[in-house]
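Coordinates from start-v4.csv are shown below (CSV, C-alpha atoms).
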```
chain,number,residue,atom,x,y,z
A,990,MET,CA,-65.0,57.6,56.8
A,991,SER,CA,-65.9,60.1,59.5
A,992,TRP,CA,-67.7,63.3,58.6
A,993,PHE,CA,-64.7,65.2,60.0
A,994,PHE,CA,-62.4,63.5,57.5
A,995,ARG,CA,-64.9,64.1,54.7
A,996,MET,CA,-64.8,67.8,55.5
A,997,GLU,CA,-61.0,67.8,55.3
A,998,LYS,CA,-61.2,66.1,52.0
A,999,VAL,CA,-63.3,69.0,50.8
A,1000,LEU,CA,-61.7,71.9,52.6
A,1001,VAL,CA,-58.0,71.2,52.0
A,1002,PRO,CA,-58.2,71.1,48.2
A,1003,TYR,CA,-60.6,74.1,48.3
A,1004,TRP,CA,-58.1,76.1,50.3
A,1005,LEU,CA,-55.2,75.2,48.1
A,1006,VAL,CA,-57.1,76.1,44.9
A,1007,THR,CA,-58.5,79.3,46.5
A,1008,LEU,CA,-55.0,80.5,47.4
A,1009,CYS,CA,-53.8,79.8,43.9
A,1010,LYS,CA,-56.8,81.7,42.4
A,1011,ILE,CA,-56.1,84.7,44.7
A,1012,ILE,CA,-52.5,84.8,43.6
A,1013,ILE,CA,-53.4,84.7,39.9
A,1014,LEU,CA,-56.1,87.4,40.3
A,1015,ALA,CA,-53.7,89.5,42.3
A,1016,LEU,CA,-51.1,89.2,39.5
A,1017,PHE,CA,-53.7,90.5,37.0
A,1018,GLY,CA,-54.8,93.3,39.4
A,1019,SER,CA,-58.3,91.9,39.9
A,1020,VAL,CA,-57.9,91.6,43.7
A,1021,THR,CA,-55.5,92.9,46.3
A,1022,PHE,CA,-53.4,90.1,47.8
A,1023,SER,CA,-54.0,90.4,51.6
A,1024,ILE,CA,-54.8,88.4,54.7
A,1025,ALA,CA,-58.3,89.7,54.6
A,1026,VAL,CA,-58.9,88.5,51.0
A,1027,ILE,CA,-57.3,85.1,51.8
A,1028,LEU,CA,-59.6,84.7,54.8
A,1029,LYS,CA,-62.6,85.8,52.8
A,1030,GLY,CA,-61.7,83.2,50.2
A,1031,PHE,CA,-61.1,80.5,52.7
A,1032,PHE,CA,-64.4,81.1,54.4
A,1033,PHE,CA,-66.3,80.4,51.2
A,1034,ASP,CA,-66.1,83.7,49.4
A,1035,LEU,CA,-69.7,84.6,50.2
A,1036,ASP,CA,-69.8,87.7,48.0
A,1037,LYS,CA,-68.3,85.6,45.1
A,1038,THR,CA,-65.5,88.0,44.2
A,1039,ILE,CA,-63.0,85.3,43.7
A,1040,ASP,CA,-64.9,82.5,41.9
A,1041,SER,CA,-68.7,82.4,41.8
A,1042,THR,CA,-68.7,78.7,41.0
A,1043,MET,CA,-67.5,77.8,44.5
A,1044,TRP,CA,-71.0,78.2,46.1
A,1045,PHE,CA,-71.1,74.4,46.1
A,1046,VAL,CA,-68.3,74.0,48.8
A,1047,LEU,CA,-70.3,75.6,51.6
A,1048,TYR,CA,-73.3,73.6,50.4
A,1049,ILE,CA,-71.3,70.4,50.8
A,1050,ILE,CA,-70.1,71.3,54.2
A,1051,VAL,CA,-73.6,72.1,55.4
A,1052,TRP,CA,-74.8,68.8,54.2
A,1053,TYR,CA,-71.9,67.0,55.9
A,1054,ILE,CA,-72.8,68.6,59.2
A,1055,VAL,CA,-76.5,67.8,58.7
A,1056,SER,CA,-75.6,64.2,57.8
A,1057,ALA,CA,-73.4,63.8,60.9
A,1058,LEU,CA,-76.2,64.9,63.2
A,1059,ILE,CA,-78.8,62.7,61.5
A,1060,PHE,CA,-76.5,59.6,61.5
A,1061,PHE,CA,-75.6,60.2,65.1
A,1062,PHE,CA,-79.1,60.4,66.5
A,1063,ILE,CA,-81.1,58.3,64.0
A,1064,ARG,CA,-80.6,54.6,63.4
A,1065,ASN,CA,-83.8,53.7,61.6
A,1066,LYS,CA,-83.2,53.8,57.8
A,1067,TRP,CA,-86.7,54.9,56.9
A,1068,LEU,CA,-86.7,57.8,59.3
A,1069,MET,CA,-83.1,58.8,58.4
A,1070,THR,CA,-84.0,59.0,54.7
A,1071,LEU,CA,-87.2,61.0,55.5
A,1072,LEU,CA,-85.2,63.5,57.5
A,1073,PHE,CA,-82.8,64.1,54.6
A,1074,PHE,CA,-85.7,64.8,52.3
A,1075,ILE,CA,-87.2,67.2,54.9
A,1076,VAL,CA,-84.0,69.1,55.1
A,1077,ALA,CA,-83.9,69.3,51.3
A,1078,GLY,CA,-87.4,70.6,51.4
A,1079,LEU,CA,-86.4,73.3,53.9
A,1080,PHE,CA,-83.6,74.3,51.5
A,1081,ILE,CA,-86.0,74.6,48.6
A,1082,MET,CA,-88.6,76.6,50.6
A,1083,PHE,CA,-86.5,78.9,52.8
A,1084,VAL,CA,-82.9,79.2,51.6
A,1085,ASP,CA,-82.7,82.2,49.3
A,1086,LEU,CA,-80.0,80.7,47.2
A,1087,SER,CA,-81.3,79.3,43.9
A,1088,ASN,CA,-78.4,76.8,43.4
A,1089,TRP,CA,-79.0,75.3,46.9
A,1090,ALA,CA,-82.7,74.7,46.0
A,1091,PHE,CA,-81.9,73.3,42.6
A,1092,TYR,CA,-79.5,70.7,43.9
A,1093,ALA,CA,-81.2,70.1,47.2
A,1094,LEU,CA,-82.5,66.6,46.4
A,1095,GLY,CA,-79.1,65.3,45.4
A,1096,PHE,CA,-78.0,64.3,48.8
A,1097,PRO,CA,-81.3,62.7,49.9
A,1098,ILE,CA,-81.5,60.6,46.8
A,1099,GLY,CA,-78.0,59.4,47.5
A,1100,VAL,CA,-79.0,58.4,51.0
A,1101,LEU,CA,-82.2,56.7,49.6
A,1102,TRP,CA,-80.1,54.7,47.1
A,1103,ARG,CA,-77.5,53.7,49.8
A,1104,ASN,CA,-80.1,52.6,52.3
A,1105,TYR,CA,-82.2,50.6,49.9
A,1106,GLU,CA,-79.5,49.6,47.4
A,1107,ARG,CA,-80.5,46.0,47.3
A,1108,THR,CA,-84.1,46.9,46.5
A,1109,TRP,CA,-83.1,49.2,43.6
A,1110,SER,CA,-80.3,47.0,42.2
A,1111,GLY,CA,-82.7,44.2,41.2
A,1112,LEU,CA,-84.5,46.6,38.9
A,1113,TYR,CA,-81.4,48.4,37.8
A,1114,ASP,CA,-79.7,45.2,36.7
A,1115,LYS,CA,-82.6,44.1,34.6
A,1116,LEU,CA,-82.8,47.2,32.5
A,1117,PRO,CA,-80.4,47.5,29.5
A,1118,ALA,CA,-77.9,50.4,29.3
A,1119,SER,CA,-79.4,51.6,26.1
A,1120,LEU,CA,-82.7,52.3,27.9
A,1121,TYR,CA,-80.9,54.6,30.4
A,1122,PHE,CA,-79.3,56.4,27.6
A,1123,ILE,CA,-82.6,56.9,25.7
A,1124,LEU,CA,-84.3,58.2,28.9
A,1125,PHE,CA,-81.4,60.6,29.5
A,1126,ILE,CA,-81.6,62.0,25.9
A,1127,LEU,CA,-85.4,62.4,26.2
A,1128,LEU,CA,-85.1,64.3,29.5
A,1129,ALA,CA,-82.3,66.4,28.1
A,1130,ILE,CA,-84.4,67.4,25.2
A,1131,ALA,CA,-87.4,68.1,27.5
A,1132,ASN,CA,-85.2,70.3,29.8
A,1133,THR,CA,-83.9,72.4,26.9
A,1134,SER,CA,-87.0,72.8,24.8
A,1135,VAL,CA,-90.1,72.0,26.8
A,1136,ILE,CA,-89.6,72.6,30.5
A,1137,LYS,CA,-89.4,76.2,31.4
A,1138,SER,CA,-90.2,76.4,35.1
A,1139,PHE,CA,-87.7,75.9,37.9
A,1140,SER,CA,-90.0,73.6,39.8
A,1141,LEU,CA,-90.1,71.1,37.0
A,1142,GLY,CA,-86.5,71.7,35.8
A,1143,MET,CA,-85.0,70.7,39.2
A,1144,PRO,CA,-86.3,67.1,39.5
A,1145,THR,CA,-86.0,66.4,35.8
A,1146,THR,CA,-82.4,67.6,35.7
A,1147,LEU,CA,-81.6,65.4,38.7
A,1148,LEU,CA,-83.4,62.4,37.1
A,1149,ALA,CA,-81.4,62.9,33.9
A,1150,ALA,CA,-78.2,62.9,35.8
A,1151,ILE,CA,-79.2,59.6,37.5
A,1152,PHE,CA,-80.0,58.0,34.1
A,1153,VAL,CA,-76.7,59.0,32.6
A,1154,LEU,CA,-74.8,57.7,35.7
A,1155,CYS,CA,-76.7,54.4,35.4
A,1156,PHE,CA,-75.8,54.2,31.7
A,1157,VAL,CA,-72.1,54.9,32.3
A,1158,ASN,CA,-72.0,52.5,35.2
A,1159,LYS,CA,-73.5,49.6,33.1
A,1160,PHE,CA,-71.7,50.4,29.8
A,1161,PHE,CA,-68.3,51.3,31.1
A,1162,GLN,CA,-68.3,49.2,34.3
A,1163,GLN,CA,-64.9,49.0,36.0
A,1164,GLN,CA,-63.1,51.2,33.5
A,1165,ALA,CA,-59.8,52.5,34.9
A,1166,TRP,CA,-60.1,55.9,33.2
A,1167,LEU,CA,-63.5,56.5,34.7
A,1168,GLU,CA,-62.2,55.6,38.2
A,1169,TRP,CA,-59.4,58.1,37.6
A,1170,ILE,CA,-61.9,60.8,36.6
A,1171,GLY,CA,-63.9,60.1,39.6
A,1172,LYS,CA,-60.8,60.3,41.8
A,1173,ILE,CA,-60.0,63.8,40.7
A,1174,SER,CA,-63.6,65.0,40.1
A,1175,PHE,CA,-63.7,67.3,43.1
A,1176,GLU,CA,-60.5,69.0,42.2
A,1177,LEU,CA,-61.7,69.2,38.6
A,1178,TYR,CA,-64.8,71.0,39.8
A,1179,LEU,CA,-62.7,73.4,41.9
A,1180,ILE,CA,-60.8,74.8,38.9
A,1181,GLU,CA,-63.0,74.1,35.9
A,1182,GLY,CA,-65.0,77.3,36.0
A,1183,PHE,CA,-62.0,79.5,36.8
A,1184,TRP,CA,-59.8,77.7,34.3
A,1185,LEU,CA,-62.2,78.1,31.4
A,1186,TYR,CA,-63.1,81.7,32.3
A,1187,THR,CA,-59.5,82.8,32.5
A,1188,THR,CA,-58.4,81.0,29.3
A,1189,LYS,CA,-61.5,81.8,27.2
A,1190,SER,CA,-59.5,84.2,25.1
A,1191,LEU,CA,-57.4,81.3,24.0
A,1192,TYR,CA,-60.0,78.7,23.1
A,1193,VAL,CA,-62.9,80.9,21.9
A,1194,GLY,CA,-62.7,80.9,18.1
A,1195,HIS,CA,-59.5,78.9,17.9
A,1196,SER,CA,-58.8,75.4,16.8
A,1197,SER,CA,-60.2,72.3,18.3
A,1198,PHE,CA,-56.6,71.1,18.9
A,1199,LEU,CA,-56.0,74.0,21.2
A,1200,ASN,CA,-59.2,73.4,22.9
A,1201,LEU,CA,-58.2,69.8,23.5
A,1202,LEU,CA,-54.9,70.9,24.9
A,1203,LEU,CA,-56.6,73.3,27.3
A,1204,TYR,CA,-58.9,70.5,28.6
A,1205,LEU,CA,-56.0,68.1,28.9
A,1206,GLY,CA,-54.3,70.8,30.9
A,1207,LEU,CA,-57.4,71.1,33.1
A,1208,LEU,CA,-57.2,67.4,33.8
A,1209,LEU,CA,-53.5,67.5,34.6
A,1210,VAL,CA,-53.8,70.4,37.0
A,1211,SER,CA,-56.7,68.7,38.7
A,1212,TYR,CA,-54.6,65.6,39.1
A,1213,LEU,CA,-51.7,67.5,40.6
A,1214,LEU,CA,-54.1,69.2,43.0
A,1215,TYR,CA,-55.4,65.8,44.0
A,1216,LEU,CA,-51.9,64.6,44.7
A,1217,GLY,CA,-51.1,67.7,46.7
A,1218,GLY,CA,-54.2,67.4,48.8
A,1219,GLU,CA,-53.6,63.7,49.5
A,1220,ARG,CA,-50.0,64.4,50.4
A,1221,LEU,CA,-51.1,67.0,53.0
A,1222,LEU,CA,-53.7,64.7,54.5
A,1223,GLN,CA,-51.1,62.0,55.0
A,1224,TYR,CA,-49.5,64.1,57.7
A,1225,GLY,CA,-52.6,63.7,59.8
A,1226,PRO,CA,-55.7,65.9,60.6
A,1227,ILE,CA,-55.3,69.5,59.5
A,1228,LEU,CA,-58.4,71.0,61.0
A,1229,LEU,CA,-57.5,70.0,64.6
```
Write the structure described by the file as structure tokens, please.
Amino acid sequence: MSWFFRMEKVLVPYWLVTLCKIIILALFGSVTFSIAVILKGFFFDLDKTIDSTMWFVLYIIVWYIVSALIFFFIRNKWLMTLLFFIVAGLFIMFVDLSNWAFYALGFPIGVLWRNYERTWSGLYDKLPASLYFILFILLAIANTSVIKSFSLGMPTTLLAAIFVLCFVNKFFQQQAWLEWIGKISFELYLIEGFWLYTTKSLYVGHSSFLNLLLYLGLLLVSYLLYLGGERLLQYGPILL
């Protein structure tokens, strides 16, 4: 899958969701529906007036561009992996955006795993799923009660995420429902914060059954957005 197509897979759902958010906010009088507002939203809503949780979209696009450049010029796996970690270090040191710094190591670790998957898989297969779960719980406890600094919280949070992914992959291997969640995960991310924020008056202090319905609605809308984005992409490149 080319980096250009990857960007489309990110931007098309993002634009669809952003347009829907603008319409909803305009109906409630929070923003003025205009071309300027739409363009601002489409170009990553940098002042976060539409949805502050969407900072991650620009972050993904930047990493895709960086990845395309590194993959184009570098063939050596070791050097390629090192460059990803160097870029992550630059994000941590020089980008004045706390979220970017906190998640900076995610992409490089993914590249590290992909480039040396056979090396890691031998160790991964030998360890039981229960061990990954225990390690995740211990790190989660440490992050919430012991670790107070950003510099320690960043790597331990990422490590905890890796442990829980290892546990899920081993314990629920090849589960159709997990594959389905993974398929709609980006669309789920795009609307989760906005959905929960705008419906909080419904689920705060109400029954668990109503909460369940709201979360099921979140999954349903995410799936419909996924289908809509896939249908648009079937017509060919949109960004050209």
Close residues, range 1119-1122 of chain A itself excluded, 12 Å, only C-alpha atoms, min 4 positions apart in chain, as a PDB file with C-alpha atoms, in the frame of the given file:
```pdb
ATOM      1  CA  TYR A1113     -81.400  48.400  37.800  1.00  0.00           C
ATOM      2  CA  ASP A1114     -79.700  45.200  36.700  1.00  0.00           C
ATOM      3  CA  LYS A1115     -82.600  44.100  34.600  1.00  0.00           C
ATOM      4  CA  ILE A1126     -81.600  62.000  25.900  1.00  0.00           C
ATOM      5  CA  LEU A1127     -85.400  62.400  26.200  1.00  0.00           C
ATOM      6  CA  LEU A1128     -85.100  64.300  29.500  1.00  0.00           C
ATOM      7  CA  ALA A1129     -82.300  66.400  28.100  1.00  0.00           C
ATOM      8  CA  LEU A1148     -83.400  62.400  37.100  1.00  0.00           C
ATOM      9  CA  ALA A1149     -81.400  62.900  33.900  1.00  0.00           C
ATOM     10  CA  ALA A1150     -78.200  62.900  35.800  1.00  0.00           C
ATOM     11  CA  ILE A1151     -79.200  59.600  37.500  1.00  0.00           C
ATOM     12  CA  PHE A1152     -80.000  58.000  34.100  1.00  0.00           C
ATOM     13  CA  VAL A1153     -76.700  59.000  32.600  1.00  0.00           C
ATOM     14  CA  LEU A1154     -74.800  57.700  35.700  1.00  0.00           C
ATOM     15  CA  CYS A1155     -76.700  54.400  35.400  1.00  0.00           C
ATOM     16  CA  PHE A1156     -75.800  54.200  31.700  1.00  0.00           C
ATOM     17  CA  VAL A1157     -72.100  54.900  32.300  1.00  0.00           C
ATOM     18  CA  ASN A1158     -72.000  52.500  35.200  1.00  0.00           C
ATOM     19  CA  LYS A1159     -73.500  49.600  33.100  1.00  0.00           C
ATOM     20  CA  PHE A1160     -71.700  50.400  29.800  1.00  0.00           C
TER      21      PHE A1160
END
```
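Distances from A:Ala1131, A:Ile1039, A:Leu1147, A:Val1100 to Ser1056 in chain A were compared using only C-alpha atoms, and the smallest one belongs to A:Val1100.
With only C-alpha atoms taken into account, the protein and nucleic acid residues at most 10 Å from range 1074-1086 of chain A (excluding it and anything under 5 positions from it in its own chain) are Trp1044, Trp1052, Val1055, Leu1068, Met1069, Phe1091, Tyr1092, Ala1093, Leu1094, Gly1095, Phe1096, Pro1097, Ile1098, Val1100, Leu1101 and Ser1140 of chain A.
For the pair CA of Gly1182 in chain A and CA of Leu1207 in chain A, the interatomic distance is 10.2 Å.
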Please write out, as lines of an AutoDock Vina configuration file, where the centre of an axis-aligned box around all listed atoms of range 1036-1054 of chain A lies and how long its edges are, in Å to one decimal, after adding 3 Å on each side.
```
center_x = -68.9
center_y = 77.5
center_z = 50.1
size_x = 17.8
size_y = 27.0
size_z = 24.2
```
Option closest in space to Leu1179 in chain A, from A:Phe994, A:Tyr1053, A:Phe1017, A:Trp1004 [counting all atoms listed in the file]: A:Trp1004
Distance CA of Val999 in chain A-CA of Leu1208 in chain A, one decimal place? 18.1 Å
